[in-house]
Structure formats: C-alpha cells, structure tokens
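Containing compact mmCIF, C-alpha atoms (C1' of nucleotides): protein-v5.txt.
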# COMPACT_ATOMS: atom_id res chain seq x y z
CA MET A 1 16.64 62.30 0.70
CA GLU A 2 12.94 63.11 0.93
CA ARG A 3 13.52 66.74 0.09
CA GLN A 4 12.70 66.35 -3.60
CA SER A 5 9.37 67.70 -4.77
CA PRO A 6 7.09 65.42 -6.80
CA ARG A 7 7.74 67.68 -9.75
CA ALA A 8 11.48 67.17 -9.49
CA LEU A 9 10.86 63.46 -9.15
CA ARG A 10 8.88 63.38 -12.35
CA ARG A 11 11.66 65.21 -14.13
CA LEU A 12 14.16 62.73 -12.73
CA LYS A 13 12.08 59.86 -13.98
CA ARG A 14 12.06 61.35 -17.45
CA ILE A 15 15.79 61.90 -17.46
CA GLU A 16 16.33 58.36 -16.28
CA ARG A 17 14.17 57.07 -19.09
CA GLU A 18 16.10 59.15 -21.58
CA ASN A 19 19.34 57.63 -20.36
CA SER A 20 17.93 54.16 -20.76
CA LEU A 21 16.73 55.12 -24.21
CA ARG A 22 20.17 56.30 -25.20
CA LYS A 23 21.75 53.07 -23.97
CA LEU A 24 19.14 50.88 -25.60
CA VAL A 25 19.56 52.56 -28.96
CA GLU A 26 23.32 52.42 -28.71
CA SER A 27 23.37 48.74 -27.87
CA ASN A 28 20.87 47.94 -30.58
CA PRO A 29 20.31 50.68 -33.15
CA LEU A 30 17.79 48.58 -35.02
CA LEU A 31 14.98 48.98 -32.47
CA THR A 32 11.91 50.85 -33.74
CA ASP A 33 10.06 53.43 -31.69
CA GLU A 34 7.40 50.82 -31.05
CA ASP A 35 9.96 48.36 -29.67
CA LEU A 36 11.42 51.06 -27.46
CA ALA A 37 8.01 52.17 -26.26
CA GLU A 38 7.22 48.64 -25.17
CA MET A 39 10.55 48.23 -23.42
CA LEU A 40 10.30 51.47 -21.51
CA LYS A 41 6.57 51.10 -20.82
CA VAL A 42 5.59 54.42 -22.36
CA SER A 43 3.73 55.42 -25.48
CA VAL A 44 5.27 55.74 -28.90
CA SER A 45 4.66 59.49 -28.80
CA THR A 46 6.77 59.81 -25.72
CA ILE A 47 9.59 57.95 -27.38
CA ARG A 48 9.38 60.27 -30.35
CA PHE A 49 9.58 63.35 -28.15
CA ASP A 50 12.46 61.86 -26.23
CA ARG A 51 14.33 61.05 -29.41
CA ALA A 52 13.75 64.56 -30.68
CA ARG A 53 15.10 66.02 -27.46
CA LEU A 54 18.13 63.75 -27.53
CA GLY A 55 18.75 64.20 -31.21
CA ILE A 56 18.55 60.46 -31.90
CA PRO A 57 17.61 59.89 -35.53
CA GLU A 58 14.89 57.49 -36.65
CA VAL A 59 15.55 53.79 -37.01
CA ARG A 60 15.90 53.93 -40.78
CA GLU A 61 18.51 56.64 -40.55
CA ARG A 62 20.39 54.67 -37.91
CA MET A 63 20.23 51.62 -40.13
CA ARG A 64 21.52 53.57 -43.09
CA GLU A 65 24.42 54.87 -41.05
CA MET A 66 25.30 51.40 -39.82
CA ALA A 67 25.08 49.93 -43.28
CA GLU A 68 27.27 52.67 -44.68
CA ARG A 69 29.86 52.48 -41.96
CA ALA A 70 29.78 48.71 -42.31
CA ARG A 71 30.51 48.97 -46.00
CA SER A 72 33.73 50.85 -45.43
CA MET A 73 34.75 49.02 -42.27
CA LEU A 74 34.08 45.55 -43.57
CA ARG A 75 36.27 46.42 -46.51
CA SER A 76 39.22 47.29 -44.36
CA LEU A 77 38.69 44.68 -41.68
CA SER A 78 37.71 41.65 -43.69
CA PRO A 79 40.38 38.99 -43.95
CA GLU A 80 40.43 39.57 -47.68
CA GLU A 81 41.38 43.20 -47.35
CA MET A 82 43.52 43.24 -44.27
CA THR A 83 46.02 41.09 -46.07
CA GLY A 84 46.73 43.52 -48.88
CA GLU A 85 46.55 43.12 -52.60
CA LEU A 86 48.67 40.62 -54.44
CA ILE A 87 50.36 42.40 -57.30
CA GLU A 88 52.85 39.76 -58.33
CA LEU A 89 52.99 36.07 -57.73
CA LYS A 90 55.35 33.37 -58.98
CA ILE A 91 54.19 30.18 -57.39
CA ASN A 92 56.90 28.52 -55.28
CA GLU A 93 59.22 31.42 -56.04
CA SER A 94 58.33 34.94 -55.07
CA GLY A 95 55.53 37.45 -54.69
CA ILE A 96 54.71 41.06 -53.90
CA SER A 97 51.69 42.48 -52.15
CA VAL A 98 50.63 46.00 -51.26
CA LEU A 99 48.59 47.06 -48.25
CA GLU A 100 47.05 50.50 -47.98
CA THR A 101 46.67 51.35 -44.32
CA THR A 102 43.64 53.11 -42.90
CA GLN A 103 42.59 54.62 -39.60
CA GLU A 104 40.68 51.47 -38.68
CA MET A 105 43.95 49.55 -38.61
CA ALA A 106 45.55 51.91 -36.12
CA PHE A 107 45.68 51.75 -32.35
CA LYS A 108 42.86 53.73 -30.79
CA GLY A 109 43.72 57.38 -30.48
CA SER A 110 46.89 56.95 -32.45
CA ASN A 111 48.01 56.87 -36.04
CA ILE A 112 50.33 53.94 -35.59
CA ILE A 113 49.21 50.81 -37.41
CA ARG A 114 48.78 47.69 -35.31
CA GLU A 115 51.55 45.21 -35.95
CA ILE A 116 48.93 42.56 -36.66
CA TYR A 117 48.31 44.09 -40.05
CA THR A 118 51.92 44.02 -41.09
CA PHE A 119 52.04 40.46 -39.88
CA ALA A 120 48.78 39.52 -41.61
CA GLN A 121 49.97 40.91 -44.91
CA ALA A 122 53.31 39.14 -44.68
CA SER A 123 51.95 35.81 -43.49
CA SER A 124 49.22 35.65 -46.09
CA LEU A 125 51.68 36.56 -48.80
CA ALA A 126 53.94 33.78 -47.58
CA MET A 127 51.04 31.36 -47.74
CA ALA A 128 50.00 32.55 -51.18
CA LEU A 129 53.40 31.61 -52.54
CA ILE A 130 52.59 27.97 -52.11
CA GLY A 131 50.57 26.55 -54.94
CA SER A 132 48.33 24.52 -52.73
CA GLU A 133 44.93 24.96 -51.20
CA GLU A 134 45.76 23.63 -47.75
CA VAL A 135 48.57 25.56 -46.21
CA LEU A 136 49.45 26.25 -42.60
CA ILE A 137 52.04 28.36 -40.89
CA GLY A 138 54.35 26.33 -38.70
CA ARG A 139 56.71 28.87 -37.22
CA ALA A 140 57.64 32.43 -37.80
CA ARG A 141 60.36 34.75 -36.69
CA VAL A 142 59.40 38.32 -37.27
CA SER A 143 60.88 41.69 -36.59
CA PHE A 144 59.01 44.98 -36.66
CA LYS A 145 61.76 47.37 -37.64
CA HIS A 146 59.89 50.61 -37.73
CA PRO A 147 56.37 51.76 -36.87
CA VAL A 148 53.94 52.14 -39.75
CA ARG A 149 51.53 55.07 -39.82
CA VAL A 150 48.03 55.56 -41.16
CA GLY A 151 48.14 56.22 -44.87
CA ASP A 152 51.44 54.41 -45.40
CA LYS A 153 51.46 51.95 -48.24
CA ILE A 154 53.23 48.77 -47.21
CA VAL A 155 54.95 46.85 -49.98
CA ALA A 156 55.81 43.30 -48.98
CA ARG A 157 58.28 41.27 -51.05
CA SER A 158 58.67 37.61 -50.38
CA ARG A 159 60.51 34.65 -51.78
CA VAL A 160 60.92 31.00 -51.07
CA ALA A 161 64.36 30.68 -49.46
CA ASN A 162 64.38 26.98 -48.96
CA ARG A 163 62.26 23.89 -49.34
CA LYS A 164 62.35 20.52 -47.67
CA GLY A 165 59.53 18.29 -48.81
CA ASN A 166 56.31 20.00 -47.90
CA LYS A 167 58.03 22.55 -45.67
CA PHE A 168 58.89 25.91 -47.16
CA LEU A 169 61.06 28.57 -45.60
CA ILE A 170 59.78 31.89 -46.86
CA SER A 171 61.24 35.28 -46.15
CA VAL A 172 59.26 38.49 -46.35
CA HIS A 173 60.59 42.03 -46.32
CA SER A 174 58.12 44.91 -46.09
CA TYR A 175 58.82 48.50 -46.96
CA VAL A 176 57.20 51.90 -46.68
CA ASN A 177 58.84 54.32 -49.08
CA ASP A 178 61.95 52.14 -49.32
CA VAL A 179 62.31 52.05 -45.55
CA GLU A 180 62.26 48.51 -44.24
CA VAL A 181 59.51 48.26 -41.63
CA PHE A 182 59.26 44.50 -41.29
CA VAL A 183 61.27 41.34 -41.82
CA GLY A 184 59.82 37.93 -41.32
CA HIS A 185 60.80 34.32 -41.88
CA PHE A 186 57.94 31.88 -42.09
CA ILE A 187 57.95 28.16 -42.18
CA VAL A 188 54.90 27.21 -44.15
CA VAL A 189 53.62 23.68 -44.44
CA SER A 190 51.66 22.47 -47.41
CA LEU A 191 49.15 19.74 -46.67
CA GLY A 192 47.30 19.29 -49.94
CA LYS A 193 48.60 18.23 -53.28
CA GLY A 194 49.87 20.72 -55.82
CA GLY A 195 52.42 22.31 -53.46
CA MET B 196 24.62 37.06 -86.21
CA GLU B 197 21.60 38.75 -87.80
CA ARG B 198 19.44 35.71 -87.24
CA GLN B 199 17.87 37.00 -84.04
CA SER B 200 14.33 38.23 -84.27
CA PRO B 201 13.50 41.67 -82.82
CA ARG B 202 11.48 39.90 -80.21
CA ALA B 203 14.46 37.86 -79.07
CA LEU B 204 16.53 41.02 -79.08
CA ARG B 205 14.11 42.75 -76.77
CA ARG B 206 14.23 39.79 -74.42
CA LEU B 207 18.03 39.89 -74.55
CA LYS B 208 18.00 43.56 -73.68
CA ARG B 209 15.86 42.85 -70.65
CA ILE B 210 18.07 40.04 -69.47
CA GLU B 211 21.11 42.22 -69.92
CA ARG B 212 19.50 44.92 -67.82
CA GLU B 213 18.65 42.40 -65.15
CA ASN B 214 22.27 41.35 -64.98
CA SER B 215 23.36 44.95 -64.62
CA LEU B 216 20.73 45.40 -61.94
CA ARG B 217 22.02 42.42 -60.03
CA LYS B 218 25.57 43.72 -60.18
CA LEU B 219 24.60 47.26 -59.25
CA VAL B 220 22.67 46.12 -56.22
CA GLU B 221 25.44 43.81 -55.16
CA SER B 222 28.11 46.46 -55.41
CA ASN B 223 25.94 49.00 -53.64
CA PRO B 224 22.94 47.58 -51.80
CA LEU B 225 21.87 51.02 -50.65
CA LEU B 226 20.55 52.17 -54.03
CA THR B 227 16.81 52.85 -54.13
CA ASP B 228 14.59 51.83 -57.02
CA GLU B 229 14.63 55.43 -58.15
CA ASP B 230 18.43 55.51 -58.25
CA LEU B 231 18.49 52.25 -60.17
CA ALA B 232 15.83 53.44 -62.60
CA GLU B 233 17.91 56.49 -63.41
CA MET B 234 21.08 54.48 -63.86
CA LEU B 235 19.49 51.94 -66.15
CA LYS B 236 17.37 54.50 -68.01
CA VAL B 237 14.08 52.78 -67.35
CA SER B 238 11.07 53.60 -65.22
CA VAL B 239 10.75 52.79 -61.56
CA SER B 240 7.98 50.31 -62.38
CA THR B 241 10.34 48.35 -64.57
CA ILE B 242 12.89 48.17 -61.80
CA ARG B 243 10.21 46.90 -59.43
CA PHE B 244 9.17 44.18 -61.84
CA ASP B 245 12.77 43.23 -62.43
CA ARG B 246 13.48 43.03 -58.72
CA ALA B 247 10.42 40.88 -58.22
CA ARG B 248 11.56 38.53 -60.99
CA LEU B 249 15.07 38.34 -59.58
CA GLY B 250 13.95 38.03 -56.00
CA ILE B 251 15.94 41.09 -54.91
CA PRO B 252 14.40 42.55 -51.76
CA GLU B 253 13.66 46.24 -51.30
CA VAL B 254 16.33 48.69 -50.25
CA ARG B 255 15.23 48.81 -46.62
CA GLU B 256 15.39 45.06 -46.32
CA ARG B 257 18.86 45.06 -47.87
CA MET B 258 19.90 47.76 -45.47
CA ARG B 259 18.56 45.83 -42.53
CA GLU B 260 20.46 42.75 -43.63
CA MET B 261 23.68 44.69 -44.00
CA ALA B 262 23.26 46.39 -40.67
CA GLU B 263 22.58 43.09 -38.99
CA ARG B 264 25.44 41.26 -40.61
CA ALA B 265 27.64 44.22 -39.81
CA ARG B 266 26.71 44.00 -36.16
CA SER B 267 27.90 40.43 -35.86
CA MET B 268 30.87 40.78 -38.17
CA LEU B 269 32.16 43.98 -36.65
CA ARG B 270 32.01 42.24 -33.33
CA SER B 271 34.19 39.39 -34.46
CA LEU B 272 36.46 41.34 -36.76
CA SER B 273 37.00 44.55 -34.86
CA PRO B 274 40.44 44.90 -33.33
CA GLU B 275 38.80 44.93 -29.92
CA GLU B 276 37.23 41.54 -30.38
CA MET B 277 39.71 39.72 -32.53
CA THR B 278 42.16 39.94 -29.70
CA GLY B 279 40.11 38.04 -27.17
CA GLU B 280 38.91 38.96 -23.74
CA LEU B 281 41.32 39.75 -20.94
CA ILE B 282 40.31 37.71 -17.94
CA GLU B 283 43.32 38.23 -15.75
CA LEU B 284 46.02 40.84 -15.75
CA LYS B 285 48.90 41.54 -13.40
CA ILE B 286 50.73 44.48 -14.87
CA ASN B 287 54.38 43.70 -15.64
CA GLU B 288 53.84 40.15 -14.50
CA SER B 289 51.31 37.93 -16.19
CA GLY B 290 47.92 37.77 -17.85
CA ILE B 291 45.33 35.47 -19.38
CA SER B 292 42.97 36.09 -22.27
CA VAL B 293 40.31 33.98 -23.93
CA LEU B 294 39.30 34.11 -27.58
CA GLU B 295 36.15 32.46 -28.83
CA THR B 296 36.63 31.57 -32.48
CA THR B 297 33.93 32.01 -35.10
CA GLN B 298 33.41 31.09 -38.73
CA GLU B 299 34.47 34.58 -39.83
CA MET B 300 37.95 33.91 -38.49
CA ALA B 301 38.40 30.76 -40.54
CA PHE B 302 39.91 30.29 -43.97
CA LYS B 303 37.27 30.38 -46.65
CA GLY B 304 35.61 27.04 -47.15
CA SER B 305 37.35 25.59 -44.14
CA ASN B 306 36.90 25.42 -40.42
CA ILE B 307 40.53 26.09 -39.61
CA ILE B 308 41.14 29.42 -37.91
CA ARG B 309 43.60 31.76 -39.59
CA GLU B 310 46.85 31.95 -37.67
CA ILE B 311 46.54 35.73 -37.60
CA TYR B 312 43.92 35.43 -34.89
CA THR B 313 46.05 33.30 -32.63
CA PHE B 314 48.86 35.74 -33.23
CA ALA B 315 46.64 38.78 -32.65
CA GLN B 316 45.39 37.41 -29.36
CA ALA B 317 48.87 36.57 -28.15
CA SER B 318 50.51 39.79 -29.28
CA SER B 319 47.84 42.03 -27.82
CA LEU B 320 47.96 40.12 -24.56
CA ALA B 321 51.71 40.60 -24.52
CA MET B 322 51.24 44.32 -25.06
CA ALA B 323 48.55 44.56 -22.42
CA LEU B 324 50.99 43.25 -19.83
CA ILE B 325 52.95 46.47 -20.02
CA GLY B 326 51.46 49.21 -17.91
CA SER B 327 52.03 51.87 -20.47
CA GLU B 328 49.97 53.52 -23.15
CA GLU B 329 52.59 53.54 -25.86
CA VAL B 330 53.82 50.06 -26.58
CA LEU B 331 55.25 48.51 -29.70
CA ILE B 332 56.25 45.02 -30.66
CA GLY B 333 59.92 44.76 -31.59
CA ARG B 334 60.42 41.13 -32.48
CA ALA B 335 58.56 37.93 -32.10
CA ARG B 336 59.30 34.28 -32.48
CA VAL B 337 56.16 32.27 -32.77
CA SER B 338 55.23 28.70 -33.33
CA PHE B 339 51.81 27.42 -34.37
CA LYS B 340 51.81 23.99 -32.82
CA HIS B 341 48.42 22.75 -33.81
CA PRO B 342 45.59 24.01 -36.02
CA VAL B 343 42.67 25.69 -34.25
CA ARG B 344 39.12 25.04 -35.43
CA VAL B 345 35.95 27.09 -35.49
CA GLY B 346 34.31 27.03 -32.09
CA ASP B 347 37.53 26.35 -30.22
CA LYS B 348 38.13 28.58 -27.23
CA ILE B 349 41.74 29.69 -27.14
CA VAL B 350 43.16 30.40 -23.71
CA ALA B 351 46.38 32.40 -23.84
CA ARG B 352 48.65 32.62 -20.77
CA SER B 353 51.50 35.04 -20.78
CA ARG B 354 54.15 36.29 -18.42
CA VAL B 355 57.05 38.68 -18.44
CA ALA B 356 60.14 36.51 -18.68
CA ASN B 357 62.72 39.21 -18.64
CA ARG B 358 63.10 42.96 -18.64
CA LYS B 359 65.94 45.24 -19.69
CA GLY B 360 65.04 48.88 -19.31
CA ASN B 361 62.06 49.52 -21.55
CA LYS B 362 62.38 46.19 -23.36
CA PHE B 363 60.29 43.31 -22.11
CA LEU B 364 60.61 39.69 -23.13
CA ILE B 365 57.18 38.17 -22.86
CA SER B 366 56.22 34.60 -23.47
CA VAL B 367 52.75 33.46 -24.43
CA HIS B 368 51.38 29.94 -24.46
CA SER B 369 47.93 29.31 -25.91
CA TYR B 370 45.80 26.27 -25.37
CA VAL B 371 42.62 24.71 -26.66
CA ASN B 372 41.33 22.16 -24.17
CA ASP B 373 44.77 21.84 -22.57
CA VAL B 374 46.39 21.16 -25.92
CA GLU B 375 49.08 23.69 -26.67
CA VAL B 376 48.30 25.29 -30.01
CA PHE B 377 50.67 28.23 -29.93
CA VAL B 378 53.87 29.40 -28.29
CA GLY B 379 55.27 32.85 -28.79
CA HIS B 380 58.05 35.03 -27.46
CA PHE B 381 57.60 38.72 -27.94
CA ILE B 382 59.98 41.55 -27.35
CA VAL B 383 57.80 44.48 -26.48
CA VAL B 384 59.10 48.02 -26.19
CA SER B 385 57.48 50.58 -23.95
CA LEU B 386 57.79 54.14 -25.16
CA GLY B 387 55.68 56.12 -22.74
CA LYS B 388 56.02 56.57 -19.05
CA GLY B 389 54.40 54.23 -16.58
CA GLY B 390 56.03 51.10 -18.03
C1' DG C 391 -5.40 43.64 -90.82
C1' DT C 392 -6.74 42.45 -86.74
C1' DA C 393 -6.11 39.68 -82.69
C1' DG C 394 -2.34 38.39 -79.52
C1' DC C 395 2.06 38.39 -77.12
C1' DT C 396 5.89 40.85 -74.58
C1' DA C 397 8.09 44.45 -72.37
C1' DT C 398 7.42 48.64 -70.42
C1' DT C 399 5.08 52.21 -68.10
C1' DA C 400 1.46 54.11 -65.33
C1' DA C 401 -2.10 54.38 -61.87
C1' DG C 402 -4.48 53.27 -57.53
C1' DA C 403 -4.78 51.62 -53.00
C1' DC C 404 -2.07 50.05 -49.14
C1' DT C 405 2.05 49.64 -45.64
C1' DA C 406 5.77 50.76 -42.05
C1' DA C 407 8.01 53.80 -39.58
C1' DG C 408 8.64 57.56 -39.29
C1' DT C 409 8.17 63.57 -39.37
C1' DG C 410 6.11 67.87 -37.44
C1' DT C 411 2.52 70.20 -35.32
C1' DT C 412 -1.16 70.77 -32.46
C1' DA C 413 -4.46 69.35 -29.02
C1' DT C 414 -5.86 67.11 -24.54
C1' DG C 415 -5.58 65.35 -20.03
C1' DA C 416 -3.48 64.24 -15.44
C1' DG C 417 -0.86 65.83 -11.46
C1' DG C 418 1.13 69.01 -8.96
C1' DT C 419 2.36 74.23 -7.90
C1' DG C 420 2.15 79.38 -6.70
C1' DC D 421 -7.86 79.35 -9.59
C1' DA D 422 -4.75 79.73 -13.35
C1' DC D 423 -0.48 77.62 -14.68
C1' DC D 424 3.20 74.38 -15.65
C1' DT D 425 5.31 69.93 -16.97
C1' DC D 426 4.95 65.58 -18.75
C1' DA D 427 2.76 61.96 -21.23
C1' DT D 428 -0.34 60.84 -24.58
C1' DA D 429 -3.19 61.37 -28.64
C1' DA D 430 -4.67 63.03 -33.19
C1' DC D 431 -3.89 64.64 -37.79
C1' DA D 432 -1.64 65.48 -42.05
C1' DC D 433 2.53 64.41 -44.55
C1' DT D 434 6.86 61.60 -46.21
C1' DT D 435 9.67 57.79 -48.25
C1' DA D 436 10.27 53.77 -50.41
C1' DG D 437 8.36 50.62 -50.99
C1' DT D 438 4.09 46.61 -51.56
C1' DC D 439 0.54 44.34 -54.78
C1' DT D 440 -2.78 44.63 -58.43
C1' DT D 441 -4.58 46.12 -62.38
C1' DA D 442 -4.67 48.77 -66.48
C1' DA D 443 -2.80 50.98 -70.73
C1' DT D 444 0.44 51.36 -74.35
C1' DA D 445 4.20 50.33 -78.02
C1' DG D 446 6.07 47.14 -81.09
C1' DC D 447 6.18 43.34 -83.17
C1' DT D 448 4.13 38.60 -84.86
C1' DA D 449 1.04 35.05 -86.62
C1' DC D 450 -2.73 33.67 -89.08
Please lay out the structure from this file as structure tokens.
Amino acid sequence: MERQSPRALRRLKRIERENSLRKLVESNPLLTDEDLAEMLKVSVSTIRFDRARLGIPEVRERMREMAERARSMLRSLSPEEMTGELIELKINESGISVLETTQEMAFKGSNIIREIYTFAQASSLAMALIGSEEVLIGRARVSFKHPVRVGDKIVARSRVANRKGNKFLISVHSYVNDVEVFVGHFIVVSLGKGG
Amino acid sequence: MERQSPRALRRLKRIERENSLRKLVESNPLLTDEDLAEMLKVSVSTIRFDRARLGIPEVRERMREMAERARSMLRSLSPEEMTGELIELKINESGISVLETTQEMAFKGSNIIREIYTFAQASSLAMALIGSEEVLIGRARVSFKHPVRVGDKIVARSRVANRKGNKFLISVHSYVNDVEVFVGHFIVVSLGKGG
DNA sequence: GTAGCTATTAAGACTAAGTGTTATGAGGTG
DNA sequence: CACCTCATAACACTTAGTCTTAATAGCTAC
C-alpha cells in the first residue's frame, strides 16, 4: 500500500476532491464557487479549474436550469395539474375532466403512467361534483382496466349515482381513445354546507 | 369619456404597463429587464424604475427563489417522495413504509392531506412487495377511515394475503399514531419474471 | 411664456459571480 | 539542473443587475 509515489498521491487527492465537488454540487446546485472553496478547503481558483475540468457550469447556469426544469415539472406534478382539467361540470350531477399525460407521470424507465394519476384525476373529479368546499373520500372501489401510456389523453366521465344525506356514490369511467382504462366508484362525504 | 386630462392619461398608461409587467413576470419569472423592455416597448431604465416601484426583485433573485422552492417542492411532490420511505421489505411477504406529510400535500387552504397521498403510499408499497420490475395494479378497494393532517406521519403496513399465479392480493393498513386512517386491498399483477 | 411637474430615458459608478488567460510558486521527479 | 503537476494568484472581461444623478419631452399653472 506504500508503493504510491507522492506525485500519484497528489493526483489522487485532486481526484478525490473532484468527486466531492461533484457530489456537493449535485446535492445542492445553489452553492457558489466561494462556498465550495470554503467547504473543500481550497482556493476559489482551484474550484474554477476543477469545475472546468468536470464540465460543471457556473452557479447561475445551474440555477437557471433548475428554475426552468422546475417550471415544467411543477406544472405536471402540482396537485392542480395532476388532476386534469375540468371541461364540464354539473354540480351534484355529472362532470368530465381531461388529463394529458407526460413522461414525469410514468414509471421510471417506462412509458406506462403510474396508476396514481388515473386515480387522482378520477377522485378529484368525483370530489368536484359536490358543490361544497369540505369534501372527503370515504371509500373507493377502483379497477385499472388497461395501462395508460405517456402522451395518452385520459377523459374521465363521472356522475352521481346515488345520494343518501351527505354521502354521495359517484362513478367514474375513464377512457383513452374510447378504450376504457379505468372504472371507479367513490363514496364522497360532504362536510360543509352547500352540498 | 373624454374628460381625462393628458396628464392623467399618461399616468394611466404607466399603471397599465405596470400591470402588464407584473403579469409577465409572474407568468415567466426568468425574463430579464432587457426582455421585458423589448416586450413593453420601453427602455430598460423604465423597467428598472417600474420594478423598484412594484417591489419586483431582479431576475437572479427570482431565479434563486424558484430554484429553492423547486428543491423543496420537487422533494415532496416527486413520485419518489410522495410514496413514502420503505423501511422494511420482505419480498412477496410484507413491508412497511412511512410518509411524512407536508403542507404541499394538503388541500388548498386546509391542513387535511389529500387522499391521493395516502393512496399513493399504499399502492406503491403494495407494488414494492412484488419482486418484479414490471408490476401493475389491477383493482383496489380502499377505505379512508380518518382524515390525515399536515405533519402526521403515516405508517403503512402491508402483506401479501393471497397469490394466484401472477396475481397478488395485497392488503395495506395505514396508521397515524396507532389510529387506523386507511385500509386498502390491492390486486397487483406481475408481468415480468422474478415475481 | 416661463417655471414646474411627471414620465421616460440616459449616464456613471458599483456589485456578484462568474469567464478565460496567463503568470507564479511549491513539491517532487528524471 | 531543468521539468512537471498542482494549487494559487492576477488581470481583463461579462451579465444583469444595483443606486444615484442628470437630461429631456410634454404638458400645466400662473
């Protein structure tokens, strides 16, 4: 183990530092060269050379990338958007919503959409049917008939099938190109007034 | 309608521009003063004065804010994190996951967690139980026993109740402080090998 | 009609967090 | 000794601002 020359050791030290640098930047892309220099106990110049070697862009560029990616991801992942767009709504009667699926909604390394999204669209549509602010899902019986793929546009149609007091039985059928991909029956409970 | 003095008209024009500015920046926070100046057909100086009046920070600050917010939101909203953390897993037998709930997971203006998250945690835990890459949910019967609130830590316990070929019946019970908040029965289908 | 107000534009000096290039020095090597 | 690698430093430049202070255009009020 003592066979390494001091020169090789110095090189090793540099490579080690570069690995740390990579990890640091990855875990927190908002660190400036100065921050990094302090953390790794080297000068700012060294950090700059390291970054150049590793092809890591400057903090502002990293920020810009994050902000941009965030803009598109937050769109597709925010509760507002993962539930689809309401295109028809008759309170206490029926409603239709459409969800455009994107890569972010798919299983990693696959183009199959996670069932959560189909469920989220259907359940939020069911809840929207009730003309009340405070609504909760009690039970649900759902069936995923057919896998949905990235790019598919899911059309969910729902209607109130039954009502007993503040409990609504709502059925939702979702389609992709007229193929039924999902059927769900939700029991939704309205807590506030107005339901 | 002709009663307005030219002076008042000029003021109106400015206020109108400031409204446009506000909207532009809100819809795309990554626009520089130069971009904005071009869009609104005024000089960069004017944009700077307007921003100062309106208290809109510079583009880099806006970027930083977005990037920062993105970091925390992506954490809580990304499929990886909205499904909780696996803390125990016996393939084809049983598993436990824990989900820490945050404000982002709640209904707007409320501290009640959207049912989707309980469902997402449970369904992904059910899928994780199967030792196969390609897994789909066939059916599910779920019951939301009790509302979950922001800050609650949901512990989901699941086990394989039955198996017929590549179809698994998996039950999941979720608790917050030993109170059962969710029960679900999932039929999960394994497509790949290894199940 | 000239002084004054408002909105806009411009100009000057400064900042952060870089870029890219070119020294300079410290340690070790052939 | 000359040479190499690595770390550091020094210098000029960039972007997208900051803050302050003019300068101008267009109208108004006395």
Identify which of the residues A:Val59, A:Ile96, A:Leu12, A:Leu54 lies closest to chain C, counting only C-alpha atoms (C1' of nucleotides) when measuring atom-to-atom distances.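 That would be A:Val59, the residue with the smallest distance to chain C.
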Could you pull the residues within 9 Å of range 404-413 of chain C, counting only C-alpha atoms (C1' of nucleotides), minus those fewer than 6 positions along the same chain, as a PDB file with C-alpha atoms (C1' of nucleotides), in the coordinates of the input?
ATOM      1  CA  THR A  32      11.910  50.850 -33.740  1.00  0.00           C
ATOM      2  CA  ASP A  33      10.060  53.430 -31.690  1.00  0.00           C
ATOM      3  CA  GLU A  58      14.890  57.490 -36.650  1.00  0.00           C
ATOM      4  CA  VAL A  59      15.550  53.790 -37.010  1.00  0.00           C
ATOM      5  CA  ARG A  60      15.900  53.930 -40.780  1.00  0.00           C
TER       6      ARG A  60
ATOM      7  C1'  DA D 429      -3.190  61.370 -28.640  1.00  0.00           C
ATOM      8  C1'  DA D 430      -4.670  63.030 -33.190  1.00  0.00           C
ATOM      9  C1'  DC D 431      -3.890  64.640 -37.790  1.00  0.00           C
ATOM     10  C1'  DC D 433       2.530  64.410 -44.550  1.00  0.00           C
ATOM     11  C1'  DT D 434       6.860  61.600 -46.210  1.00  0.00           C
ATOM     12  C1'  DG D 437       8.360  50.620 -50.990  1.00  0.00           C
ATOM     13  C1'  DT D 438       4.090  46.610 -51.560  1.00  0.00           C
ATOM     14  C1'  DC D 439       0.540  44.340 -54.780  1.00  0.00           C
TER      15       DC D 439
END
Find the residues near range 309-314 of chain B: any atom within 7 Å, counting all atoms listed in the file, skip ones fewer than 4 places away on the same chain, and give them as a ChimeraX atom specification. /A:120 /B:277,300-302,318
Could you tell me which residues of chain A sit within 10 Å of chain D when counting all atoms listed in the file, and give me the result as a ChimeraX atom specification? /A:7,10-11,14,42-46,49
Name the residues, using the chain letters and numbers of the file, that sit within 8 Å of (53.4, 38.1, -50.1) when counting all atoms listed in the file, and give them as a ChimeraX atom specification. /A:86,89,94-97,121-129,156-158,172
Write a file of the just-selected residues containing C-alpha atoms, as a PDB file, keeping the file's coordinate frame.
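File produced: again02.pdb:
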ATOM      1  CA  LEU A  86      48.670  40.620 -54.440  1.00  0.00           C
ATOM      2  CA  LEU A  89      52.990  36.070 -57.730  1.00  0.00           C
ATOM      3  CA  SER A  94      58.330  34.940 -55.070  1.00  0.00           C
ATOM      4  CA  GLY A  95      55.530  37.450 -54.690  1.00  0.00           C
ATOM      5  CA  ILE A  96      54.710  41.060 -53.900  1.00  0.00           C
ATOM      6  CA  SER A  97      51.690  42.480 -52.150  1.00  0.00           C
ATOM      7  CA  GLN A 121      49.970  40.910 -44.910  1.00  0.00           C
ATOM      8  CA  ALA A 122      53.310  39.140 -44.680  1.00  0.00           C
ATOM      9  CA  SER A 123      51.950  35.810 -43.490  1.00  0.00           C
ATOM     10  CA  SER A 124      49.220  35.650 -46.090  1.00  0.00           C
ATOM     11  CA  LEU A 125      51.680  36.560 -48.800  1.00  0.00           C
ATOM     12  CA  ALA A 126      53.940  33.780 -47.580  1.00  0.00           C
ATOM     13  CA  MET A 127      51.040  31.360 -47.740  1.00  0.00           C
ATOM     14  CA  ALA A 128      50.000  32.550 -51.180  1.00  0.00           C
ATOM     15  CA  LEU A 129      53.400  31.610 -52.540  1.00  0.00           C
ATOM     16  CA  ALA A 156      55.810  43.300 -48.980  1.00  0.00           C
ATOM     17  CA  ARG A 157      58.280  41.270 -51.050  1.00  0.00           C
ATOM     18  CA  SER A 158      58.670  37.610 -50.380  1.00  0.00           C
ATOM     19  CA  VAL A 172      59.260  38.490 -46.350  1.00  0.00           C
TER      20      VAL A 172
END
Using all atoms listed in the file, which chain C residues lie at most 12 Å away from chain B, written as a ChimeraX atom specification? /C:395-401,406-407
When you look at range 139-151 of chain A with a cut-off of 7 Å (counting all atoms listed in the file), what residues show up, excluding the ones that are within fewer than 6 positions of it in the same chain? I need them as a list in words.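 With the cut-off at 7 Å, the set is Glu100, Thr101, Thr102, Gln103, Ala106, Asn111, Ile112, Ile113, Glu180, Val181, Phe182, Val183, Gly184, His185, Phe186 and Ile187 of chain A; Ile332, Gly333, Arg334, Ala335, Arg336, Val337, Ser338 and Phe339 of chain B.
CA of Leu294 in chain B to CA of Met261 in chain B spans 25.0 Å [interatomic distance, one decimal].
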So how many Å separate CA of Val350 in chain B and CA of Ser369 in chain B, to one decimal?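 Calculated distance between CA of Val350 in chain B and CA of Ser369 in chain B is 5.4 Å.
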Which residue of A:Glu65, A:Asp152, A:Glu34, A:Asp178 approaches chain B most closely, using all atoms listed in the file: A:Glu65
Kindly give the distance, in Å, that separates CA of Val384 in chain B and CA of Tyr175 in chain A, rounded to a single decimal. 20.8 Å
